[in-house]
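Peer 1: Following this line is structure32.cif, made up of mmCIF, C-alpha atoms:
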data_input
loop_
_atom_site.group_PDB
_atom_site.id
_atom_site.type_symbol
_atom_site.label_atom_id
_atom_site.label_comp_id
_atom_site.auth_asym_id
_atom_site.auth_seq_id
_atom_site.Cartn_x
_atom_site.Cartn_y
_atom_site.Cartn_z
ATOM 1 C CA MET I 50 -2.347 117.917 162.877
ATOM 2 C CA LEU I 51 -1.361 115.337 165.471
ATOM 3 C CA ALA I 52 2.082 115.417 167.078
ATOM 4 C CA SER I 53 2.985 112.119 165.387
ATOM 5 C CA GLN I 54 2.052 113.576 161.991
ATOM 6 C CA ARG I 55 4.128 116.702 162.600
ATOM 7 C CA GLN I 56 7.089 114.654 163.652
ATOM 8 C CA ASP I 57 6.793 112.423 160.602
ATOM 9 C CA ARG I 58 6.878 115.558 158.445
ATOM 10 C CA ILE I 59 9.954 116.833 160.260
ATOM 11 C CA VAL I 60 11.800 113.540 159.799
ATOM 12 C CA ALA I 61 10.841 113.487 156.120
ATOM 13 C CA GLU I 62 12.146 117.028 155.609
ATOM 14 C CA VAL I 63 15.423 116.238 157.341
ATOM 15 C CA ARG I 64 15.923 113.064 155.299
ATOM 16 C CA ALA I 65 15.099 114.885 152.072
ATOM 17 C CA HIS I 66 17.354 117.895 152.648
ATOM 18 C CA GLY I 67 19.860 116.806 155.300
ATOM 19 C CA ALA I 68 18.809 119.628 157.616
ATOM 20 C CA VAL I 69 15.824 121.820 158.393
ATOM 21 C CA ARG I 70 15.327 125.128 160.206
ATOM 22 C CA VAL I 71 12.832 125.787 162.990
ATOM 23 C CA ALA I 72 11.615 128.915 161.192
ATOM 24 C CA ASP I 73 10.820 126.942 158.042
ATOM 25 C CA LEU I 74 8.970 124.257 160.008
ATOM 26 C CA VAL I 75 6.880 126.853 161.816
ATOM 27 C CA GLU I 76 5.668 128.115 158.457
ATOM 28 C CA GLN I 77 5.186 124.679 156.873
ATOM 29 C CA LEU I 78 3.351 123.136 159.819
ATOM 30 C CA ASP I 79 1.485 126.284 160.912
ATOM 31 C CA VAL I 80 2.348 125.805 164.569
ATOM 32 C CA SER I 81 4.307 127.774 167.153
ATOM 33 C CA GLU I 82 8.080 127.808 167.423
ATOM 34 C CA MET I 83 7.770 126.202 170.880
ATOM 35 C CA THR I 84 5.816 123.291 169.393
ATOM 36 C CA VAL I 85 8.415 122.722 166.690
ATOM 37 C CA ARG I 86 11.273 122.830 169.181
ATOM 38 C CA ARG I 87 9.452 120.352 171.418
ATOM 39 C CA ASP I 88 8.918 117.997 168.472
ATOM 40 C CA ILE I 89 12.581 118.230 167.487
ATOM 41 C CA THR I 90 13.642 117.522 171.067
ATOM 42 C CA GLU I 91 11.479 114.384 171.154
ATOM 43 C CA LEU I 92 12.848 113.240 167.785
ATOM 44 C CA ASP I 93 16.386 113.862 168.990
ATOM 45 C CA ARG I 94 15.760 111.727 172.087
ATOM 46 C CA ALA I 95 14.377 108.991 169.840
ATOM 47 C CA GLY I 96 17.503 109.124 167.690
ATOM 48 C CA LEU I 97 15.591 110.099 164.527
ATOM 49 C CA VAL I 98 17.210 113.522 164.062
ATOM 50 C CA ARG I 99 19.943 115.500 165.788
ATOM 51 C CA ARG I 100 18.899 118.792 167.338
ATOM 52 C CA VAL I 101 21.182 121.739 166.524
ATOM 53 C CA HIS I 102 20.861 125.464 167.150
ATOM 54 C CA GLY I 103 18.044 126.721 164.955
ATOM 55 C CA GLY I 104 16.842 123.371 163.653
ATOM 56 C CA ALA I 105 17.725 119.721 163.136
ATOM 57 C CA VAL I 106 20.079 117.653 160.987
ATOM 58 C CA ALA I 107 20.053 114.040 159.897
ATOM 59 C CA VAL I 108 21.455 111.510 162.326
ATOM 60 C CA ASP I 109 22.883 109.460 159.465
ATOM 61 C CA GLY I 110 24.116 112.518 157.628
ATOM 62 C CA ALA I 111 25.612 115.811 158.650
ATOM 63 C CA SER I 112 25.743 114.891 162.343
ATOM 64 C CA ARG I 113 28.554 112.366 161.897
ATOM 65 C CA PRO I 114 32.076 113.796 162.041
ATOM 66 C CA THR I 115 33.180 111.559 159.153
ATOM 67 C CA ASP I 116 30.196 112.262 156.894
ATOM 68 C CA GLU I 117 30.714 114.496 153.872
ATOM 69 C CA PRO I 118 27.513 115.721 152.197
ATOM 70 C CA GLY I 119 27.655 116.328 148.457
ATOM 71 C CA PHE I 120 27.713 119.785 146.893
ATOM 72 C CA GLU I 121 24.127 119.560 145.591
ATOM 73 C CA ALA I 122 22.731 118.514 148.985
ATOM 74 C CA LYS I 123 24.504 121.334 150.820
ATOM 75 C CA SER I 124 23.306 123.868 148.249
ATOM 76 C CA THR I 125 19.760 123.518 149.633
ATOM 77 C CA TRP I 126 20.712 124.338 153.240
ATOM 78 C CA SER I 127 20.307 127.833 154.763
ATOM 79 C CA THR I 128 20.033 129.453 151.343
ATOM 80 C CA ALA I 129 18.883 132.893 152.519
ATOM 81 C CA GLU I 130 21.685 133.137 155.063
ATOM 82 C CA LYS I 131 24.290 132.026 152.536
ATOM 83 C CA ASP I 132 23.084 134.624 150.020
ATOM 84 C CA ALA I 133 23.463 137.389 152.595
ATOM 85 C CA ILE I 134 26.916 136.126 153.591
ATOM 86 C CA ALA I 135 28.056 136.045 149.956
ATOM 87 C CA ASP I 136 26.853 139.634 149.474
ATOM 88 C CA LEU I 137 28.824 140.804 152.515
ATOM 89 C CA ALA I 138 31.949 138.925 151.451
ATOM 90 C CA ALA I 139 31.790 140.300 147.900
ATOM 91 C CA ALA I 140 31.780 143.828 149.309
ATOM 92 C CA THR I 141 35.252 143.190 150.798
ATOM 93 C CA VAL I 142 36.837 142.139 147.488
ATOM 94 C CA GLU I 143 38.938 144.853 145.825
ATOM 95 C CA PRO I 144 40.084 145.148 142.197
ATOM 96 C CA GLY I 145 43.727 144.310 141.704
ATOM 97 C CA GLN I 146 43.829 141.697 144.437
ATOM 98 C CA ALA I 147 44.793 138.068 144.240
ATOM 99 C CA ILE I 148 42.324 136.060 146.339
ATOM 100 C CA ALA I 149 41.647 132.393 147.033
ATOM 101 C CA LEU I 150 38.261 130.695 147.256
ATOM 102 C CA SER I 151 38.011 127.280 148.869
ATOM 103 C CA ALA I 152 35.400 124.682 148.000
ATOM 104 C CA GLY I 153 31.917 125.137 149.462
ATOM 105 C CA THR I 154 28.425 126.281 148.605
ATOM 106 C CA THR I 155 28.821 129.726 150.182
ATOM 107 C CA THR I 156 32.144 130.372 148.450
ATOM 108 C CA HIS I 157 30.415 129.308 145.225
ATOM 109 C CA LEU I 158 27.789 131.998 145.818
ATOM 110 C CA LEU I 159 30.615 134.489 146.336
ATOM 111 C CA ALA I 160 32.100 133.363 143.009
ATOM 112 C CA GLN I 161 28.754 134.109 141.352
ATOM 113 C CA ARG I 162 28.874 137.677 142.649
ATOM 114 C CA ILE I 163 32.459 138.116 141.476
ATOM 115 C CA ALA I 164 31.615 136.720 138.042
ATOM 116 C CA ALA I 165 28.682 139.102 137.656
ATOM 117 C CA ASP I 166 30.534 142.285 138.686
ATOM 118 C CA PRO I 167 33.094 143.652 136.196
ATOM 119 C CA ALA I 168 33.853 146.449 138.674
ATOM 120 C CA LEU I 169 35.857 143.926 140.732
ATOM 121 C CA ARG I 170 38.387 143.450 137.951
ATOM 122 C CA PRO I 171 41.237 143.038 137.376
ATOM 123 C CA LEU I 172 41.216 140.125 139.806
ATOM 124 C CA THR I 173 43.092 136.860 140.181
ATOM 125 C CA VAL I 174 41.277 133.980 141.877
ATOM 126 C CA VAL I 175 42.972 130.804 143.069
ATOM 127 C CA THR I 176 40.588 127.964 143.845
ATOM 128 C CA ASN I 177 40.436 124.232 144.478
ATOM 129 C CA SER I 178 36.681 124.173 143.752
ATOM 130 C CA LEU I 179 35.401 122.905 140.430
ATOM 131 C CA PRO I 180 32.039 124.747 140.695
ATOM 132 C CA VAL I 181 33.822 127.991 141.600
ATOM 133 C CA ALA I 182 36.185 127.685 138.636
ATOM 134 C CA GLN I 183 33.335 126.896 136.242
ATOM 135 C CA THR I 184 31.324 129.894 137.454
ATOM 136 C CA LEU I 185 34.269 132.275 137.089
ATOM 137 C CA HIS I 186 35.086 130.982 133.620
ATOM 138 C CA ARG I 187 31.550 131.958 132.565
ATOM 139 C CA ALA I 188 31.916 135.478 133.962
ATOM 140 C CA VAL I 189 30.226 138.517 132.474
ATOM 141 C CA PRO I 190 32.747 140.244 130.157
ATOM 142 C CA GLY I 191 34.440 143.295 131.617
ATOM 143 C CA ALA I 192 37.245 145.748 130.963
ATOM 144 C CA GLY I 193 39.666 144.104 133.376
ATOM 145 C CA ALA I 194 41.018 140.584 133.435
ATOM 146 C CA LEU I 195 39.568 137.869 135.645
ATOM 147 C CA ASP I 196 42.293 135.258 135.915
ATOM 148 C CA VAL I 197 41.384 131.887 137.423
ATOM 149 C CA ILE I 198 43.997 129.465 138.747
ATOM 150 C CA LEU I 199 42.557 126.010 139.448
ATOM 151 C CA THR I 200 44.645 123.629 141.484
ATOM 152 C CA GLY I 201 44.891 120.028 140.443
ATOM 153 C CA GLY I 202 44.129 117.202 142.831
ATOM 154 C CA THR I 203 41.686 114.459 143.721
ATOM 155 C CA ARG I 204 37.982 115.282 143.640
ATOM 156 C CA THR I 205 35.898 114.952 146.820
ATOM 157 C CA PRO I 206 32.088 114.577 147.233
ATOM 158 C CA SER I 207 31.945 118.349 147.821
ATOM 159 C CA ASP I 208 33.637 118.967 144.433
ATOM 160 C CA ALA I 209 36.910 120.079 146.010
ATOM 161 C CA LEU I 210 40.303 119.215 144.545
ATOM 162 C CA VAL I 211 42.545 118.008 147.361
ATOM 163 C CA GLY I 212 45.658 115.992 148.064
ATOM 164 C CA PRO I 213 49.401 116.321 147.343
ATOM 165 C CA VAL I 214 48.974 117.820 143.864
ATOM 166 C CA ALA I 215 46.768 120.631 145.191
ATOM 167 C CA ASP I 216 48.943 121.166 148.259
ATOM 168 C CA THR I 217 52.133 121.420 146.190
ATOM 169 C CA ALA I 218 50.579 123.934 143.803
ATOM 170 C CA LEU I 219 49.381 126.112 146.673
ATOM 171 C CA ALA I 220 52.802 126.072 148.332
ATOM 172 C CA THR I 221 54.167 128.124 145.404
ATOM 173 C CA LEU I 222 51.472 130.836 145.558
ATOM 174 C CA ARG I 223 50.726 133.920 147.643
ATOM 175 C CA VAL I 224 47.342 135.677 147.781
ATOM 176 C CA ASP I 225 45.966 138.707 149.605
ATOM 177 C CA ARG I 226 42.985 136.972 151.187
ATOM 178 C CA LEU I 227 41.424 133.529 151.470
ATOM 179 C CA PHE I 228 37.662 133.095 151.579
ATOM 180 C CA LEU I 229 37.208 129.752 153.305
ATOM 181 C CA GLY I 230 34.089 127.619 153.617
ATOM 182 C CA VAL I 231 33.930 125.110 156.479
ATOM 183 C CA HIS I 232 31.851 122.099 157.485
ATOM 184 C CA GLY I 233 31.654 123.247 161.096
ATOM 185 C CA LEU I 234 33.325 125.339 163.765
ATOM 186 C CA ASP I 235 33.331 125.861 167.512
ATOM 187 C CA GLU I 236 35.702 127.100 170.189
ATOM 188 C CA SER I 237 38.243 124.445 169.168
ATOM 189 C CA GLY I 238 38.487 125.748 165.609
ATOM 190 C CA LEU I 239 37.443 125.051 162.024
ATOM 191 C CA MET I 240 36.505 121.508 160.964
ATOM 192 C CA THR I 241 35.810 119.267 157.988
ATOM 193 C CA PRO I 242 34.994 115.530 157.732
ATOM 194 C CA ASN I 243 37.622 114.966 155.012
ATOM 195 C CA LEU I 244 41.247 114.540 156.136
ATOM 196 C CA ALA I 245 42.716 115.375 152.728
ATOM 197 C CA GLU I 246 40.507 118.451 152.392
ATOM 198 C CA ALA I 247 41.663 119.659 155.808
ATOM 199 C CA ALA I 248 45.288 119.464 154.635
ATOM 200 C CA THR I 249 44.503 121.374 151.431
ATOM 201 C CA ASP I 250 42.532 123.984 153.377
ATOM 202 C CA ARG I 251 45.607 124.429 155.599
ATOM 203 C CA ALA I 252 47.706 124.911 152.453
ATOM 204 C CA LEU I 253 45.248 127.621 151.377
ATOM 205 C CA LEU I 254 45.616 129.305 154.768
ATOM 206 C CA HIS I 255 49.398 129.214 154.596
ATOM 207 C CA CYS I 256 49.523 130.976 151.212
ATOM 208 C CA SER I 257 47.144 133.758 152.323
ATOM 209 C CA ALA I 258 47.964 137.055 153.984
ATOM 210 C CA ALA I 259 44.490 137.176 155.586
ATOM 211 C CA VAL I 260 41.678 134.694 156.166
ATOM 212 C CA THR I 261 37.924 135.252 155.942
ATOM 213 C CA VAL I 262 35.673 132.334 156.886
ATOM 214 C CA LEU I 263 32.158 132.150 155.414
ATOM 215 C CA ALA I 264 29.829 130.198 157.715
ATOM 216 C CA ASP I 265 26.127 130.570 158.504
ATOM 217 C CA HIS I 266 24.936 130.112 162.086
ATOM 218 C CA THR I 267 23.984 126.437 161.603
ATOM 219 C CA LYS I 268 27.693 125.600 161.225
ATOM 220 C CA TRP I 269 28.435 126.587 164.826
ATOM 221 C CA GLY I 270 28.813 123.458 166.959
ATOM 222 C CA VAL I 271 28.922 121.063 163.996
ATOM 223 C CA MET I 272 31.780 118.602 164.354
ATOM 224 C CA GLY I 273 34.175 117.266 161.756
ATOM 225 C CA LEU I 274 36.802 114.530 161.908
ATOM 226 C CA ALA I 275 39.658 116.825 160.909
ATOM 227 C CA ARG I 276 40.616 120.183 162.374
ATOM 228 C CA ILE I 277 41.673 122.786 159.813
ATOM 229 C CA ALA I 278 42.847 125.613 162.029
ATOM 230 C CA ALA I 279 42.297 127.439 165.304
ATOM 231 C CA LEU I 280 39.931 130.411 165.502
ATOM 232 C CA GLU I 281 42.936 132.596 166.285
ATOM 233 C CA GLU I 282 44.121 132.039 162.693
ATOM 234 C CA VAL I 283 40.919 133.595 161.305
ATOM 235 C CA ASP I 284 40.840 137.346 160.705
ATOM 236 C CA VAL I 285 37.155 137.700 159.790
ATOM 237 C CA LEU I 286 34.082 135.499 160.100
ATOM 238 C CA VAL I 287 31.160 136.425 157.859
ATOM 239 C CA SER I 288 27.969 134.908 159.259
ATOM 240 C CA ASP I 289 24.286 135.768 159.729
ATOM 241 C CA ALA I 290 22.357 137.530 162.456
ATOM 242 C CA ALA I 291 21.215 134.244 164.059
ATOM 243 C CA LEU I 292 24.731 133.361 165.213
ATOM 244 C CA PRO I 293 24.269 132.719 168.972
ATOM 245 C CA GLU I 294 25.706 135.087 171.552
ATOM 246 C CA PRO I 295 28.028 132.457 173.111
ATOM 247 C CA ALA I 296 29.616 131.956 169.676
ATOM 248 C CA ARG I 297 30.079 135.707 169.297
ATOM 249 C CA ALA I 298 31.851 135.837 172.657
ATOM 250 C CA VAL I 299 34.188 132.992 171.675
ATOM 251 C CA LEU I 300 35.046 134.735 168.406
ATOM 252 C CA ALA I 301 35.750 138.023 170.186
ATOM 253 C CA ASP I 302 38.078 136.252 172.627
ATOM 254 C CA ALA I 303 39.909 134.724 169.662
ATOM 255 C CA GLY I 304 40.418 138.159 168.104
ATOM 256 C CA CYS I 305 38.214 137.331 165.116
ATOM 257 C CA THR I 306 36.175 140.156 163.579
ATOM 258 C CA LEU I 307 32.541 139.208 162.988
ATOM 259 C CA LEU I 308 30.560 140.559 160.026
ATOM 260 C CA THR I 309 26.803 139.987 159.881
ATOM 261 C CA PRO I 310 24.028 141.643 157.845
ATOM 262 C CA ASP I 311 22.342 144.683 159.312
ATOM 263 C CA PRO I 312 18.983 143.840 160.948
ATOM 264 C CA ALA I 313 16.045 144.262 158.567
#
Would you give me this structure, written as structure tokens?

Peer 2:
Amino acid sequence: MLASQRQDRIVAEVRAHGAVRVADLVEQLDVSEMTVRRDITELDRAGLVRRVHGGAVAVDGASRPTDEPGFEAKSTWSTAEKDAIADLAAATVEPGQAIALSAGTTTHLLAQRIAADPALRPLTVVTNSLPVAQTLHRAVPGAGALDVILTGGTRTPSDALVGPVADTALATLRVDRLFLGVHGLDESGLMTPNLAEAATDRALLHCSAAVTVLADHTKWGVMGLARIAALEEVDVLVSDAALPEPARAVLADAGCTLLTPDPA
């Protein structure tokens, strides 16, 4: 396959899914990792994709700080990593707790694990995510109660409920732990492209005794228009093994505990 053909395939994959991983391209194109990285670099220079750690994202999509991909689009990104993160996060949930789940595809996967495991009940879950609430309402029956509190608010493209109604509801609540999904993060903190969602995420933080962020390695270095919180406000980050070493050092300096899956 010619370089131009490979690069056309890469651009097509990015446009179809919003992002693509180097590892997936190596398998699809049957070429070396070095070749894929070189192609991505050339496409980045041409302005056709944006190179990120571990792959590429769309220039007219996830790379813009004001862009907000829809829930369905984000559900196709980094699926294996998100599954592993959800498994790790579920292992930290204890029966009898009151927890909060923000909007996001990884928090939705965590909700699926909670819904399928009666051993985690009784449990109270506060959420501003429509998919999370729907999943929990369809939970496998169990001996204990699974109570779901859904905030009101205005719906975003990521199926979050945000705005003054959500913020006011959250101001009256207290939970043991928040599981928070984010659009991106770096040394400056947690980010999202939606200003109203950032405010509601801050309201979730303020009603929580502890904060766990769920973010796969592709989120590191991704920018968003609005800053949610500093890294120092995060107790635990659950990520995957591909999180780069510089990110790990930044998290350690911020006093944030990192959880990643054990190496295979």

Peer 1: Please compute the CA of Ile163 (chain I)-CA of Ala252 (chain I) distance, one decimal, in Å.

Peer 2: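 For CA of Ile163 (chain I) relative to CA of Ala252 (chain I), the distance reads 23.0 Å.
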
Peer 1: Within 10 Å of region 89-93 of chain I, counting only C-alpha atoms, which residues show up once you throw out same-chain ones fewer than 2 positions away? Write them as a ChimeraX atom specification, please.

Peer 2: /I:55-57,59-60,71,83-87,95-101,104-108

Peer 1: Let me know the residues the PyMOL selection byres ((chain I and resi 255) around 12) catches in the file above, as a list in words.

Peer 2: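 This file, filtered by the PyMOL selection byres ((chain I and resi 255) around 12), leaves Ala149, Asp216, Thr217, Leu219, Ala220, Thr221, Leu222, Arg223, Val224, Asp225, Arg226, Leu227, Ala248, Thr249, Asp250, Arg251, Ala252, Leu253, Leu254, Cys256, Ser257, Ala258, Ala259, Val260, Ile277, Ala278, Glu282 and Val283 of chain I.
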
Peer 1: Would you please work out which residue, of I:Ser207, I:Asn243, I:Thr261, I:Gln54, is nearest to Leu150 (chain I) when using all atoms listed in the file?

Peer 2: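 Nearest candidate to Leu150 (chain I) out of I:Ser207, I:Asn243, I:Thr261, I:Gln54: I:Thr261.
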
Peer 1: Which residue is closest to Thr267 (chain I)? Choose from I:Thr128, I:Ser151, I:Thr156, I:Thr203 and count all atoms listed in the file.

Peer 2: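 The shortest atom-to-atom distance to Thr267 (chain I) comes from I:Thr128.
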
Peer 1: With the cut-off set at 12 Å and counting only C-alpha atoms, tabulate each residue of region 210-244 of chain I with an atom at most that distance from an atom of region 262-266 of chain I, showing the nearest atom pair and its distance in Å to one decimal, ordered by chain and increasing number, as a tab-separated table.

Peer 2:
residue	atom	partner	partner_atom	distance
I:Arg226	CA	I:Val262	CA	10.4
I:Leu227	CA	I:Val262	CA	8.0
I:Phe228	CA	I:Val262	CA	5.7
I:Leu229	CA	I:Val262	CA	4.7
I:Gly230	CA	I:Leu263	CA	5.2
I:Val231	CA	I:Ala264	CA	6.7
I:His232	CA	I:Ala264	CA	8.4
I:Gly233	CA	I:Ala264	CA	7.9
I:Leu234	CA	I:Ala264	CA	8.5
I:Asp235	CA	I:His266	CA	10.9
I:Gly238	CA	I:Val262	CA	11.3
I:Leu239	CA	I:Val262	CA	9.1
I:Met240	CA	I:Ala264	CA	11.4

Peer 1: Which residues fall under the PyMOL selection byres ((chain I and resi 132-135) around 6) in this file, as a compact mmCIF listing (two decimals) with C-alpha atoms, keeping the file's coordinate frame?

Peer 2:
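Final output, saved to expr-v2.txt:
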# COMPACT_ATOMS: atom_id res chain seq x y z
CA ALA I 129 18.88 132.89 152.52
CA GLU I 130 21.68 133.14 155.06
CA LYS I 131 24.29 132.03 152.54
CA ASP I 136 26.85 139.63 149.47
CA LEU I 137 28.82 140.80 152.51
CA ALA I 138 31.95 138.93 151.45
CA LEU I 158 27.79 132.00 145.82
CA LEU I 159 30.62 134.49 146.34
CA SER I 288 27.97 134.91 159.26

Peer 1: Near Pro295 (chain I), counting only C-alpha atoms, which residues have an atom at most 12 Å away, once you skip same-chain residues fewer than 4 positions from it, shown as a ChimeraX atom specification?

Peer 2: /I:102,235-236,266,269-270,291,299-302

Peer 1: Apply the PyMOL selection byres ((chain I and resi 166) around 10) to the file shown and report the selected residues as a CSV table (one decimal) with C-alpha atoms, in the coordinates of the input.

Peer 2:
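Result went into result23.csv, see below:
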chain,number,residue,atom,x,y,z
I,139,ALA,CA,31.8,140.3,147.9
I,161,GLN,CA,28.8,134.1,141.4
I,162,ARG,CA,28.9,137.7,142.6
I,163,ILE,CA,32.5,138.1,141.5
I,164,ALA,CA,31.6,136.7,138.0
I,165,ALA,CA,28.7,139.1,137.7
I,167,PRO,CA,33.1,143.7,136.2
I,168,ALA,CA,33.9,146.4,138.7
I,169,LEU,CA,35.9,143.9,140.7
I,170,ARG,CA,38.4,143.4,138.0
I,188,ALA,CA,31.9,135.5,134.0
I,189,VAL,CA,30.2,138.5,132.5
I,190,PRO,CA,32.7,140.2,130.2
I,191,GLY,CA,34.4,143.3,131.6

Peer 1: So, with all atoms listed in the file as the atoms that count, which of I:Leu199, I:Leu74, I:Val271, I:Ile148 lies closest to Ser178 (chain I)?

Peer 2: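 Using all atoms listed in the file, the shortest distance to Ser178 (chain I) belongs to I:Leu199.
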
Peer 1: List the neighbours of Pro180 (chain I) out to 12 Å using all atoms listed in the file; skip same-chain residues closer than 3 positions along the sequence, and give me the result as a PDB file with C-alpha atoms, keeping the file's coordinate frame.

Peer 2:
ATOM      1  CA  PHE I 120      27.713 119.785 146.893  1.00  0.00           C
ATOM      2  CA  GLU I 121      24.127 119.560 145.591  1.00  0.00           C
ATOM      3  CA  SER I 124      23.306 123.868 148.249  1.00  0.00           C
ATOM      4  CA  LEU I 150      38.261 130.695 147.256  1.00  0.00           C
ATOM      5  CA  SER I 151      38.011 127.280 148.869  1.00  0.00           C
ATOM      6  CA  ALA I 152      35.400 124.682 148.000  1.00  0.00           C
ATOM      7  CA  GLY I 153      31.917 125.137 149.462  1.00  0.00           C
ATOM      8  CA  THR I 154      28.425 126.281 148.605  1.00  0.00           C
ATOM      9  CA  THR I 155      28.821 129.726 150.182  1.00  0.00           C
ATOM     10  CA  THR I 156      32.144 130.372 148.450  1.00  0.00           C
ATOM     11  CA  HIS I 157      30.415 129.308 145.225  1.00  0.00           C
ATOM     12  CA  LEU I 158      27.789 131.998 145.818  1.00  0.00           C
ATOM     13  CA  LEU I 159      30.615 134.489 146.336  1.00  0.00           C
ATOM     14  CA  ALA I 160      32.100 133.363 143.009  1.00  0.00           C
ATOM     15  CA  GLN I 161      28.754 134.109 141.352  1.00  0.00           C
ATOM     16  CA  THR I 176      40.588 127.964 143.845  1.00  0.00           C
ATOM     17  CA  ASN I 177      40.436 124.232 144.478  1.00  0.00           C
ATOM     18  CA  GLN I 183      33.335 126.896 136.242  1.00  0.00           C
ATOM     19  CA  THR I 184      31.324 129.894 137.454  1.00  0.00           C
ATOM     20  CA  LEU I 185      34.269 132.275 137.089  1.00  0.00           C
ATOM     21  CA  HIS I 186      35.086 130.982 133.620  1.00  0.00           C
ATOM     22  CA  ARG I 187      31.550 131.958 132.565  1.00  0.00           C
ATOM     23  CA  LEU I 199      42.557 126.010 139.448  1.00  0.00           C
ATOM     24  CA  ARG I 204      37.982 115.282 143.640  1.00  0.00           C
ATOM     25  CA  SER I 207      31.945 118.349 147.821  1.00  0.00           C
ATOM     26  CA  ASP I 208      33.637 118.967 144.433  1.00  0.00           C
ATOM     27  CA  ALA I 209      36.910 120.079 146.010  1.00  0.00           C
ATOM     28  CA  LEU I 210      40.303 119.215 144.545  1.00  0.00           C
TER      29      LEU I 210
END

Peer 1: Pick out the closest residue to Leu195 (chain I) from this set: I:Ser53, I:Thr309, I:Thr141, I:Gln146. Count all atoms listed in the file.

Peer 2: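 Closest residue, counting all atoms listed in the file: I:Gln146.
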
Peer 1: Name the closest residue to Arg276 (chain I) among the candidates I:Val63, I:Leu244, I:Leu78, I:Leu179; distances are taken between atoms, counting all atoms listed in the file.

Peer 2: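 Answer, going by the shortest atom-to-atom distance: I:Leu244.
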
Peer 1: CA of Leu307 (chain I) and CA of Leu286 (chain I), how far apart in Å?

Peer 2: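 Answer for the CA of Leu286 (chain I) to CA of Leu307 (chain I) separation: 4.9 Å.
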
Peer 1: Which of these, I:Ala247, I:Thr241, I:Pro213, I:Thr173, has the shortest distance to Val197 (chain I) once you count all atoms listed in the file?

Peer 2: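 Nearest candidate to Val197 (chain I) out of I:Ala247, I:Thr241, I:Pro213, I:Thr173: I:Thr173.
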
Peer 1: What separation in Å, quoted to one decimal, exists between CA of Ala182 (chain I) and CA of Cys305 (chain I)?

Peer 2: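 Result for CA of Ala182 (chain I) versus CA of Cys305 (chain I): 28.3 Å, one decimal.
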